[in-house]
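Undergrad: Got a structure for you, data28.tsv, holding TSV, C-alpha atoms and all ligand atoms.
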```tsv
chain	number	residue	atom	x	y	z
C	1	MET	CA	18.84	7.48	-14.53
C	2	LYS	CA	18.44	9.82	-11.58
C	3	GLU	CA	17.87	13.52	-11.02
C	4	LEU	CA	17.92	15.55	-7.83
C	5	PHE	CA	14.42	15.95	-6.34
C	6	GLY	CA	15.47	18.02	-3.31
C	7	THR	CA	16.78	17.54	0.20
C	8	TYR	CA	15.01	16.23	3.27
C	9	LYS	CA	16.56	16.38	6.73
C	10	GLU	CA	19.90	17.12	5.06
C	11	LYS	CA	19.70	14.00	2.92
C	12	GLU	CA	19.65	14.15	-0.86
C	13	ILE	CA	16.45	12.93	-2.39
C	14	TYR	CA	16.43	11.73	-6.00
C	15	LEU	CA	13.89	10.83	-8.60
C	16	PHE	CA	14.89	7.66	-10.42
C	17	THR	CA	13.55	6.72	-13.84
C	18	LEU	CA	13.22	3.10	-14.89
C	19	GLU	CA	12.29	2.46	-18.49
C	20	ASN	CA	11.80	-0.59	-20.67
C	21	GLU	CA	9.87	-1.29	-23.87
C	22	GLY	CA	6.45	-1.03	-22.29
C	23	TYR	CA	6.73	1.26	-19.29
C	24	ILE	CA	8.32	4.18	-17.53
C	25	ALA	CA	8.33	4.15	-13.74
C	26	LYS	CA	9.60	6.92	-11.49
C	27	VAL	CA	10.49	6.23	-7.89
C	28	THR	CA	12.08	8.30	-5.15
C	29	ASN	CA	14.13	7.46	-2.09
C	30	TYR	CA	11.82	9.72	-0.03
C	31	GLY	CA	9.61	7.04	1.51
C	32	ALA	CA	10.77	4.53	-1.15
C	33	THR	CA	7.82	5.91	-3.08
C	34	LEU	CA	6.35	5.11	-6.48
C	35	VAL	CA	5.86	8.48	-8.16
C	36	SER	CA	4.76	7.56	-11.70
C	37	PHE	CA	3.91	4.38	-13.56
C	38	ILE	CA	3.30	5.04	-17.23
C	39	GLU	CA	2.14	2.61	-19.92
C	40	LYS	CA	4.04	3.96	-22.91
C	41	GLN	CA	1.64	3.28	-25.79
C	42	THR	CA	-1.31	4.99	-24.15
C	43	GLY	CA	0.87	7.48	-22.25
C	44	ILE	CA	-1.34	6.96	-19.20
C	45	ASP	CA	0.25	7.44	-15.78
C	46	VAL	CA	-1.79	5.12	-13.56
C	47	VAL	CA	-0.70	6.42	-10.14
C	48	GLN	CA	-1.38	9.68	-8.41
C	49	GLY	CA	1.58	11.67	-7.12
C	50	TYR	CA	3.25	15.06	-6.96
C	51	ASP	CA	5.68	17.04	-9.09
C	52	THR	CA	7.82	18.23	-6.20
C	53	LEU	CA	9.40	16.80	-3.07
C	54	GLU	CA	7.84	19.63	-1.04
C	55	GLU	CA	4.37	18.40	-1.95
C	56	TYR	CA	5.29	14.85	-0.92
C	57	ILE	CA	6.48	16.17	2.43
C	58	GLN	CA	3.32	18.24	2.95
C	59	GLN	CA	0.74	15.56	2.13
C	60	ASP	CA	-0.49	13.00	4.59
C	61	PHE	CA	-2.06	10.45	2.27
C	62	TYR	CA	0.89	7.99	2.04
C	63	THR	CA	0.73	8.55	-1.71
C	64	GLY	CA	2.72	5.82	-3.49
C	65	ALA	CA	4.74	5.24	-0.34
C	66	SER	CA	6.35	2.24	1.24
C	67	VAL	CA	4.48	1.72	4.47
C	68	GLY	CA	6.11	0.30	7.61
C	69	ARG	CA	7.06	-1.09	9.91
C	70	THR	CA	3.42	-2.18	9.94
C	71	ALA	CA	0.88	-1.34	7.28
C	72	ASN	CA	-2.59	-0.52	8.61
C	73	ARG	CA	-3.60	-0.52	12.24
C	74	ILE	CA	-2.38	-2.09	15.46
C	75	GLY	CA	-5.14	-1.99	18.05
C	76	LYS	CA	-4.49	0.60	20.79
C	77	GLY	CA	-0.94	0.67	19.45
C	78	THR	CA	-0.11	-2.27	21.69
C	79	PHE	CA	1.22	-5.74	21.04
C	80	THR	CA	3.05	-8.46	22.94
C	81	LEU	CA	5.96	-10.37	21.49
C	82	ASN	CA	7.91	-13.06	23.35
C	83	GLY	CA	6.15	-12.06	26.57
C	84	LYS	CA	7.05	-8.39	26.35
C	85	THR	CA	4.44	-5.70	25.67
C	86	TYR	CA	5.27	-2.83	23.32
C	87	HIS	CA	3.52	0.51	22.94
C	88	LEU	CA	3.44	2.37	19.67
C	89	PRO	CA	2.30	5.96	19.11
C	90	ILE	CA	-1.44	6.44	18.68
C	91	ASN	CA	-2.12	8.36	15.48
C	92	ASN	CA	-5.50	7.14	14.25
C	93	ASN	CA	-8.66	7.05	16.40
C	94	GLY	CA	-7.01	5.35	19.34
C	95	ASN	CA	-4.89	3.00	17.22
C	96	CYS	CA	-1.49	3.06	15.54
C	97	ASN	CA	-1.77	3.29	11.76
C	98	HIS	CA	0.86	2.79	9.06
C	99	GLY	CA	3.93	2.53	11.28
C	100	GLY	CA	3.43	5.44	13.68
C	101	LEU	CA	4.12	9.15	13.70
C	102	GLU	CA	7.00	8.95	11.29
C	103	GLY	CA	6.72	5.74	9.33
C	104	PHE	CA	8.83	4.54	6.41
C	105	ASN	CA	6.83	6.86	4.16
C	106	ARG	CA	8.72	9.76	5.78
C	107	LYS	CA	12.23	8.31	5.73
C	108	ALA	CA	15.11	9.12	3.40
C	109	PHE	CA	16.30	5.75	2.11
C	110	THR	CA	19.74	5.05	0.74
C	111	PHE	CA	19.76	3.60	-2.75
C	112	LYS	CA	21.55	1.42	-5.25
C	113	GLU	CA	20.75	1.34	-8.93
C	114	ALA	CA	20.86	-1.94	-10.83
C	115	ASP	CA	19.60	-3.24	-14.17
C	116	ASN	CA	15.93	-2.22	-14.42
C	117	SER	CA	15.86	-1.82	-10.62
C	118	VAL	CA	16.41	0.53	-7.76
C	119	ILE	CA	17.04	-0.88	-4.30
C	120	PHE	CA	16.10	1.40	-1.41
C	121	SER	CA	17.51	0.63	2.02
C	122	TYR	CA	16.80	1.92	5.49
C	123	LEU	CA	17.91	0.89	8.96
C	124	SER	CA	15.08	1.36	11.41
C	125	ALA	CA	16.77	1.58	14.80
C	126	ASP	CA	15.80	-0.46	17.84
C	127	GLY	CA	12.95	1.38	19.57
C	128	GLU	CA	11.98	3.49	16.56
C	129	GLU	CA	8.25	4.23	16.82
C	130	GLY	CA	8.24	1.81	19.78
C	131	TYR	CA	9.22	-1.32	17.84
C	132	PRO	CA	11.94	-3.67	19.09
C	133	GLY	CA	15.05	-4.59	17.12
C	134	ASN	CA	17.24	-2.94	14.55
C	135	LEU	CA	15.35	-3.67	11.37
C	136	GLN	CA	17.23	-3.44	8.08
C	137	VAL	CA	14.77	-2.91	5.25
C	138	ASN	CA	15.40	-3.25	1.51
C	139	ILE	CA	12.69	-2.27	-0.94
C	140	THR	CA	13.43	-3.14	-4.57
C	141	TYR	CA	11.45	-1.74	-7.46
C	142	THR	CA	12.02	-3.65	-10.70
C	143	LEU	CA	10.50	-2.89	-14.04
C	144	CYS	CA	9.58	-6.18	-15.68
C	145	GLU	CA	8.03	-7.30	-18.95
C	146	ASP	CA	4.45	-6.88	-17.79
C	147	GLY	CA	4.80	-4.11	-15.24
C	148	LEU	CA	6.37	-3.31	-11.91
C	149	CYS	CA	7.53	-5.67	-9.18
C	150	ILE	CA	8.29	-4.71	-5.60
C	151	THR	CA	10.28	-6.89	-3.25
C	152	ALA	CA	10.43	-5.92	0.43
C	153	GLU	CA	12.90	-7.57	2.79
C	154	GLY	CA	13.25	-7.05	6.52
C	155	THR	CA	16.07	-8.43	8.66
C	156	SER	CA	16.41	-7.77	12.37
C	157	ASP	CA	18.75	-8.53	15.26
C	158	GLN	CA	15.73	-9.24	17.51
C	159	ASP	CA	12.31	-10.70	16.87
C	160	THR	CA	10.10	-7.87	15.62
C	161	LEU	CA	7.28	-7.02	13.23
C	162	PHE	CA	7.50	-6.14	9.56
C	163	ALA	CA	4.26	-5.87	7.60
C	164	TYR	CA	4.99	-4.04	4.38
C	165	THR	CA	2.68	-2.58	1.82
C	166	ASN	CA	2.89	-0.14	-1.05
C	167	HIS	CA	0.28	2.61	-0.87
C	168	SER	CA	-0.21	3.65	-4.50
C	169	TYR	CA	-3.41	5.41	-5.53
C	170	PHE	CA	-4.45	4.02	-8.90
C	171	ASN	CA	-6.64	5.64	-11.50
C	172	LEU	CA	-6.29	3.83	-14.83
C	173	ASP	CA	-8.00	6.61	-16.79
C	174	GLU	CA	-6.24	9.63	-15.25
C	175	SER	CA	-9.75	10.77	-14.34
C	176	ASP	CA	-11.25	12.27	-11.20
C	177	ASN	CA	-13.39	9.24	-10.39
C	178	ALA	CA	-12.10	5.72	-9.89
C	179	LEU	CA	-15.41	4.27	-8.78
C	180	ASP	CA	-16.32	3.54	-12.39
C	181	HIS	CA	-13.38	1.15	-12.82
C	182	GLU	CA	-14.34	-2.50	-12.87
C	183	VAL	CA	-12.82	-4.49	-10.07
C	184	LYS	CA	-12.49	-8.16	-9.32
C	185	ILE	CA	-11.05	-9.41	-6.01
C	186	TYR	CA	-10.18	-13.05	-5.39
C	187	ALA	CA	-11.69	-13.13	-1.91
C	188	ASP	CA	-14.58	-15.06	-0.39
C	189	GLN	CA	-14.19	-13.30	2.94
C	190	TYR	CA	-13.41	-9.82	4.19
C	191	GLY	CA	-12.55	-8.41	7.61
C	192	LEU	CA	-15.20	-6.55	9.56
C	193	SER	CA	-14.12	-3.12	10.79
C	194	ASP	CA	-15.21	-1.24	13.86
C	195	ALA	CA	-16.32	2.38	13.80
C	196	ASN	CA	-12.65	3.46	14.02
C	197	GLY	CA	-11.65	1.63	10.87
C	198	MET	CA	-9.95	-1.06	12.91
C	199	THR	CA	-10.17	-4.54	11.35
C	200	GLN	CA	-11.75	-6.93	13.84
C	201	ASP	CA	-10.94	-10.56	14.46
C	202	LYS	CA	-14.01	-11.38	12.39
C	203	LEU	CA	-14.14	-12.46	8.80
C	204	GLU	CA	-17.46	-12.43	7.01
C	205	ASP	CA	-18.47	-14.10	3.74
C	206	VAL	CA	-18.64	-11.54	0.96
C	207	LYS	CA	-21.64	-13.32	-0.54
C	208	GLY	CA	-24.71	-11.11	-0.52
C	209	THR	CA	-22.77	-8.06	0.71
C	210	PRO	CA	-21.36	-4.96	-1.05
C	211	PHE	CA	-17.96	-6.61	-0.53
C	212	ASP	CA	-18.59	-9.30	-3.12
C	213	PHE	CA	-16.08	-8.55	-5.91
C	214	ARG	CA	-15.77	-12.16	-7.04
C	215	GLU	CA	-17.21	-11.12	-10.40
C	216	PHE	CA	-16.26	-7.81	-11.99
C	217	LYS	CA	-18.27	-4.86	-10.75
C	218	THR	CA	-17.66	-1.18	-10.22
C	219	PRO	CA	-17.11	0.07	-6.67
C	220	ALA	CA	-19.79	2.65	-7.57
C	221	GLN	CA	-22.42	-0.08	-7.74
C	222	ASP	CA	-22.73	-0.62	-3.99
C	223	ILE	CA	-20.65	2.04	-2.27
C	224	GLU	CA	-23.62	4.23	-1.37
C	225	LYS	CA	-25.75	1.33	-0.14
C	226	GLU	CA	-26.93	1.41	3.43
C	227	ASN	CA	-24.45	-0.83	5.14
C	228	GLU	CA	-22.78	-0.49	8.52
C	229	GLN	CA	-19.37	-1.57	7.22
C	230	LEU	CA	-19.41	0.99	4.40
C	231	ALA	CA	-20.47	3.62	6.92
C	232	PHE	CA	-17.60	2.69	9.24
C	233	GLY	CA	-15.10	3.02	6.37
C	234	SER	CA	-16.76	6.02	4.65
C	235	GLY	CA	-16.71	3.62	1.70
C	236	TYR	CA	-14.38	0.72	1.01
C	237	ASP	CA	-11.54	0.62	3.51
C	238	HIS	CA	-11.40	-3.09	4.27
C	239	PHE	CA	-9.18	-6.13	4.41
C	240	PHE	CA	-9.92	-8.98	2.00
C	241	LEU	CA	-8.55	-12.42	2.76
C	242	ILE	CA	-7.27	-13.61	-0.61
C	243	GLN	CA	-7.77	-17.22	-1.68
C	244	GLY	CA	-4.71	-19.43	-1.87
C	245	GLU	CA	-1.13	-18.96	-0.77
C	246	GLY	CA	2.13	-17.81	-2.27
C	247	MET	CA	2.42	-15.49	-5.23
C	248	ARG	CA	-1.06	-15.27	-6.73
C	249	ASP	CA	-3.41	-12.78	-8.30
C	250	MET	CA	-5.32	-10.75	-5.73
C	251	ALA	CA	-7.26	-8.24	-7.76
C	252	VAL	CA	-7.85	-7.12	-11.31
C	253	CYS	CA	-8.89	-3.58	-12.14
C	254	LEU	CA	-10.15	-2.43	-15.54
C	255	GLY	CA	-9.96	1.12	-16.77
C	256	LYS	CA	-11.08	2.25	-20.20
C	257	LYS	CA	-7.83	1.30	-21.91
C	258	LEU	CA	-5.72	-0.47	-19.31
C	259	GLN	CA	-5.91	-3.46	-17.02
C	260	LEU	CA	-4.06	-3.67	-13.71
C	261	THR	CA	-3.49	-7.05	-12.07
C	262	VAL	CA	-2.24	-6.97	-8.50
C	263	SER	CA	-0.42	-10.08	-7.30
C	264	SER	CA	1.36	-10.81	-4.06
C	265	ASP	CA	2.47	-13.53	-1.68
C	266	LEU	CA	1.02	-11.65	1.31
C	267	PRO	CA	-2.08	-13.11	3.01
C	268	GLY	CA	-4.57	-10.47	1.88
C	269	MET	CA	-5.27	-7.08	0.47
C	270	HIS	CA	-6.87	-3.86	1.62
C	271	LEU	CA	-9.20	-2.12	-0.79
C	272	TYR	CA	-9.29	1.58	0.03
C	273	SER	CA	-11.49	3.75	-2.19
C	274	SER	CA	-9.56	6.93	-1.27
C	275	ASN	CA	-12.43	8.15	0.87
C	276	PHE	CA	-10.24	10.71	2.61
C	277	LEU	CA	-8.70	12.37	-0.43
C	278	ASP	CA	-9.79	15.99	-0.36
C	279	GLY	CA	-9.09	17.56	-3.72
C	280	THR	CA	-5.46	18.42	-2.94
C	281	LYS	CA	-3.69	19.08	-6.21
C	282	GLY	CA	-1.16	16.62	-7.55
C	283	LYS	CA	0.88	16.19	-10.72
C	284	LYS	CA	0.46	18.99	-13.27
C	285	GLY	CA	-1.87	20.79	-10.86
C	286	VAL	CA	-4.63	18.21	-11.27
C	287	ALA	CA	-6.94	17.90	-8.25
C	288	TYR	CA	-7.36	14.52	-6.57
C	289	PRO	CA	-10.85	14.54	-5.11
C	290	ARG	CA	-12.40	12.01	-2.75
C	291	ARG	CA	-12.69	8.61	-4.43
C	292	SER	CA	-10.59	9.56	-7.42
C	293	ALA	CA	-8.34	6.53	-6.88
C	294	LEU	CA	-8.28	2.97	-5.65
C	295	CYS	CA	-5.57	1.57	-3.41
C	296	PHE	CA	-4.89	-2.14	-3.59
C	297	GLU	CA	-2.71	-2.65	-0.54
C	298	ALA	CA	-1.39	-6.21	-0.32
C	299	GLU	CA	-0.87	-6.84	3.38
C	300	TYR	CA	-1.04	-9.06	6.43
C	301	MET	CA	-4.39	-8.96	8.18
C	302	PRO	CA	-4.39	-5.72	10.18
C	303	ASN	CA	-3.73	-6.32	13.88
C	304	ALA	CA	-2.93	-10.00	13.17
C	305	ILE	CA	-0.30	-9.84	15.91
C	306	ASN	CA	-3.10	-9.40	18.48
C	307	TYR	CA	-5.46	-12.03	17.08
C	308	PRO	CA	-4.70	-15.54	18.41
C	309	ASP	CA	-6.74	-17.29	15.69
C	310	ILE	CA	-4.91	-15.61	12.80
C	311	LYS	CA	-1.90	-17.71	11.97
C	312	ASP	CA	-0.16	-15.44	9.45
C	313	LYS	CA	1.63	-12.95	11.65
C	314	PRO	CA	4.21	-10.46	10.34
C	315	ILE	CA	6.95	-11.59	12.70
C	316	VAL	CA	10.58	-11.36	11.61
C	317	LYS	CA	12.66	-13.80	13.62
C	318	ALA	CA	16.04	-12.55	14.85
C	319	ASN	CA	18.68	-12.84	12.13
C	320	GLU	CA	16.23	-14.17	9.59
C	321	THR	CA	14.80	-12.26	6.64
C	322	LEU	CA	11.11	-11.80	6.01
C	323	THR	CA	10.46	-11.17	2.32
C	324	CYS	CA	7.30	-10.29	0.45
C	325	HIS	CA	6.52	-9.47	-3.16
C	326	ILE	CA	3.94	-7.26	-4.82
C	327	ARG	CA	3.46	-7.09	-8.58
C	328	PHE	CA	1.48	-4.47	-10.46
C	329	ALA	CA	1.02	-5.92	-13.96
C	330	LEU	CA	-0.31	-3.41	-16.45
C	331	THR	CA	-1.63	-4.39	-19.87
C	332	ARG	CA	-3.60	-2.73	-22.64
C	333	ARG	CA	-7.19	-3.93	-23.04
C	401	LIG	C1	-6.24	3.22	5.50
C	401	LIG	C2	-7.18	4.39	5.51
C	401	LIG	C3	-6.34	5.63	5.52
C	401	LIG	C4	-5.44	5.61	4.30
C	401	LIG	C5	-4.50	6.78	4.25
C	401	LIG	C6	-5.47	3.27	4.23
C	401	LIG	O1	-4.62	2.18	4.13
C	401	LIG	O2	-6.92	2.00	5.66
C	401	LIG	O3	-8.06	4.36	6.59
C	401	LIG	O4	-7.13	6.78	5.51
C	401	LIG	O5	-4.69	4.45	4.26
C	401	LIG	O6	-3.81	6.88	5.42
```
Would you mind writing the file out in structure tokens?
TA:
Amino acid sequence: MKELFGTYKEKEIYLFTLENEGYIAKVTNYGATLVSFIEKQTGIDVVQGYDTLEEYIQQDFYTGASVGRTANRIGKGTFTLNGKTYHLPINNNGNCNHGGLEGFNRKAFTFKEADNSVIFSYLSADGEEGYPGNLQVNITYTLCEDGLCITAEGTSDQDTLFAYTNHSYFNLDESDNALDHEVKIYADQYGLSDANGMTQDKLEDVKGTPFDFREFKTPAQDIEKENEQLAFGSGYDHFFLIQGEGMRDMAVCLGKKLQLTVSSDLPGMHLYSSNFLDGTKGKKGVAYPRRSALCFEAEYMPNAINYPDIKDKPIVKANETLTCHIRFALTRR
């Protein structure tokens, strides 16, 4: 089912509703964005968002959006591929964040509705935001038995980069504080950031640090501790290298009534404790203050393309397809 949400750059933008026994999800072709994700028995909508397209266009938080071509930062906006150096726009403290000045979060996607799914497509032209190759992107949202699955596919006519993530802001209680949720992350190591929020080529053991989420704890427990990394991120804004390979659980988050399990076949996950939310109002006029949500952004290690020792690089080979999956399973506790 779809309804008109508005127009953007002369393109029609729709709000699509997917519904099965357990859930209702709303997605829009503006930024291939997740707008709502409701567990029907509790009626709780676990993601932040906006009631109107205008508010989506105005905000700069990447709320619920598909992020690309590259999620998170590329150092100095520069990378070299097949001997050629590329320069991307600088939009974040000297680096390129979340795809550039106008990333996938600001694109009108075309769409196709299927059983329990919507497939959003976008052709990112050669040279867009400085990236090589015509990159055809398909983002599929599917409502499944235990929640929502996202499949992202990128195919290009030249070697290029595609490092997808979904940038949903979760609050499992529809409250104004997500730091009291209990969180478990399947990571023994996390990436050290510099003062600009740029993940370094340095992984540190989580043991004995505020970044140890191997057993359930609330982000509130350690977030105010004196710690250089927390200071650099204004809280949690860090890459976690997730144990194992292939589709596997990355994080579990417990609200009062609901449990979210984030799974993906990407190498790691960014935990962002929404440190830069500023109280802007969202759905039904409810304010979203700083730290009112948690983002679990499954991703490649930020800047992996520039780090020789990191083997998982988000490179799409010419005429091949790079695919990744993210699942947000939502169950009642
Ligand atoms: C980044 C943050 C940024 C946020 C919104 C996160 O993925 O790591 O530093 O503020 O997205 O852009």
Undergrad: Counting all atoms listed in the file, which protein, DNA or RNA residues come within 6 Å of ligand LIG 401 (chain C), given as a PyMOL selection string?
TA: chain C and resi 61-62+72+237+272+276
Undergrad: Find the residues around segment 287-295 of chain C up to 10 Å (only C-alpha atoms counted), leave out those fewer than 2 positions away in its own chain, and share them as a PyMOL selection string.
TA: chain C and resi 46-49+63-64+166-181+183+219-220+235-237+253+269-285+297-298
Undergrad: Taking all atoms listed in the file into account, which of C:Leu161, C:Leu241, C:Leu260, C:Ile139 comes nearest Lys317 of chain C?
TA: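 Among the listed residues, the smallest separation from Lys317 of chain C belongs to C:Leu161.
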Undergrad: Between atom CA of Ala25 of chain C and atom CA of Asn116 of chain C, what is the distance in Å, rounded to a tenth?
TA: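 Value for the atom CA of Ala25 of chain C-atom CA of Asn116 of chain C distance: 9.9 Å.
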Undergrad: So that I can see what lies close to Asp201 of chain C, please list as a PyMOL selection string the residues with an atom at most 12 Å from it, counting all atoms listed in the file and leaving out residues fewer than 3 positions away in the same chain.
TA: chain C and resi 75+190-194+198+204+239+301-311
Undergrad: Would you save the residues of that selection, restricted to C-alpha atoms, as a PDB file, in the coordinates of the input?
TA:
```
ATOM      1  CA  GLY C  75      -5.140  -1.990  18.050  1.00  0.00           C
ATOM      2  CA  TYR C 190     -13.410  -9.820   4.190  1.00  0.00           C
ATOM      3  CA  GLY C 191     -12.550  -8.410   7.610  1.00  0.00           C
ATOM      4  CA  LEU C 192     -15.200  -6.550   9.560  1.00  0.00           C
ATOM      5  CA  SER C 193     -14.120  -3.120  10.790  1.00  0.00           C
ATOM      6  CA  ASP C 194     -15.210  -1.240  13.860  1.00  0.00           C
ATOM      7  CA  MET C 198      -9.950  -1.060  12.910  1.00  0.00           C
ATOM      8  CA  GLU C 204     -17.460 -12.430   7.010  1.00  0.00           C
ATOM      9  CA  PHE C 239      -9.180  -6.130   4.410  1.00  0.00           C
ATOM     10  CA  MET C 301      -4.390  -8.960   8.180  1.00  0.00           C
ATOM     11  CA  PRO C 302      -4.390  -5.720  10.180  1.00  0.00           C
ATOM     12  CA  ASN C 303      -3.730  -6.320  13.880  1.00  0.00           C
ATOM     13  CA  ALA C 304      -2.930 -10.000  13.170  1.00  0.00           C
ATOM     14  CA  ILE C 305      -0.300  -9.840  15.910  1.00  0.00           C
ATOM     15  CA  ASN C 306      -3.100  -9.400  18.480  1.00  0.00           C
ATOM     16  CA  TYR C 307      -5.460 -12.030  17.080  1.00  0.00           C
ATOM     17  CA  PRO C 308      -4.700 -15.540  18.410  1.00  0.00           C
ATOM     18  CA  ASP C 309      -6.740 -17.290  15.690  1.00  0.00           C
ATOM     19  CA  ILE C 310      -4.910 -15.610  12.800  1.00  0.00           C
ATOM     20  CA  LYS C 311      -1.900 -17.710  11.970  1.00  0.00           C
TER      21      LYS C 311
END
```
Undergrad: Counting only C-alpha atoms, what is within 12 Å of Glu228 of chain C, bar same-chain residues fewer than 3 positions away, as a PyMOL selection string?
TA: chain C and resi 192-195+197+209-211+223-225+231-236
Undergrad: Looking at all atoms listed in the file, which of C:Glu39, C:Asp249, C:Glu226, C:Asp212 is the one that sits closest to Leu330 of chain C?
TA: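 Among C:Glu39, C:Asp249, C:Glu226, C:Asp212, it is C:Glu39 that comes nearest to Leu330 of chain C.
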Undergrad: Excluding Val137 of chain C and any residue of its chain fewer than 5 positions from it, enumerate the residues within 12 Å of it, using all atoms listed in the file, and give them as a PyMOL selection string.
TA: chain C and resi 31-32+66-69+104+107+109-111+119-125+151-156+161-164+316+321-324
Undergrad: Can you work out which one of C:Ala65, C:Leu148, C:Ile57, C:Ile90 has the shortest atom-to-atom distance to Asn20 of chain C, counting only C-alpha atoms?
TA: C:Leu148
Undergrad: Looking at C:Asn29, C:Lys2, C:Thr85, C:Glu19, which one is nearest to Asn138 of chain C, with distances taken over only C-alpha atoms?
TA: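 The answer is C:Asn29, which sits nearest to Asn138 of chain C.
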Undergrad: One number please: atom CA of Phe216 of chain C to atom CA of Leu203 of chain C, in Å, one decimal.
TA: 21.4 Å
Undergrad: Find the distance between atom CA of Asp159 of chain C and atom CA of Leu81 of chain C and write it in Å to one decimal.
TA: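 Separating atom CA of Asp159 of chain C from atom CA of Leu81 of chain C is a distance of 7.9 Å.
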Undergrad: Near Arg214 of chain C, counting all atoms listed in the file, which residues have an atom at most 8 Å away, once you skip same-chain residues fewer than 4 positions from it, shown as number ranges by chain?
TA: C: 184-188
Undergrad: Using all atoms listed in the file for the distances, tell me which of C:Gly244, C:Gly77, C:Gly43, C:Gly208 is nearest to Gly94 of chain C.
TA: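 Checking each candidate against Gly94 of chain C, we get C:Gly77 as the closest.
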Undergrad: Taking only C-alpha atoms into account, name the residue in C:Phe213, C:Tyr86, C:Tyr141, C:Tyr50 that is nearest to Phe5 of chain C.
TA: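 Closest residue, counting only C-alpha atoms: C:Tyr50.
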Undergrad: Could you complete segment 239-250 of chain C so that it carries N, CA and C atoms, and give it back as a compact mmCIF listing (two decimals), in the frame of the given file?
TA:
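Okay, this is what ended up in part-v6.txt:
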```txt
# COMPACT_ATOMS: atom_id res chain seq x y z
N PHE C 239 -10.10 -5.03 4.68
CA PHE C 239 -9.18 -6.13 4.41
C PHE C 239 -9.94 -7.27 3.74
N PHE C 240 -9.37 -7.79 2.67
CA PHE C 240 -9.92 -8.98 2.00
C PHE C 240 -8.92 -10.12 2.16
N LEU C 241 -9.41 -11.24 2.64
CA LEU C 241 -8.55 -12.42 2.76
C LEU C 241 -8.52 -13.08 1.39
N ILE C 242 -7.35 -13.13 0.77
CA ILE C 242 -7.27 -13.61 -0.61
C ILE C 242 -7.09 -15.13 -0.64
N GLN C 243 -7.85 -15.76 -1.54
CA GLN C 243 -7.77 -17.22 -1.68
C GLN C 243 -6.35 -17.64 -2.01
N GLY C 244 -5.98 -18.82 -1.51
CA GLY C 244 -4.71 -19.43 -1.87
C GLY C 244 -3.54 -18.88 -1.09
N GLU C 245 -2.36 -19.37 -1.45
CA GLU C 245 -1.13 -18.96 -0.77
C GLU C 245 -0.06 -18.69 -1.81
N GLY C 246 1.02 -18.07 -1.36
CA GLY C 246 2.13 -17.81 -2.27
C GLY C 246 1.77 -16.74 -3.27
N MET C 247 2.65 -16.54 -4.25
CA MET C 247 2.42 -15.49 -5.23
C MET C 247 1.20 -15.85 -6.07
N ARG C 248 0.18 -14.99 -6.02
CA ARG C 248 -1.06 -15.27 -6.73
C ARG C 248 -1.76 -13.95 -7.03
N ASP C 249 -2.67 -14.00 -7.99
CA ASP C 249 -3.41 -12.78 -8.30
C ASP C 249 -4.37 -12.46 -7.15
N MET C 250 -4.43 -11.19 -6.81
CA MET C 250 -5.32 -10.75 -5.73
C MET C 250 -6.50 -9.96 -6.27
```
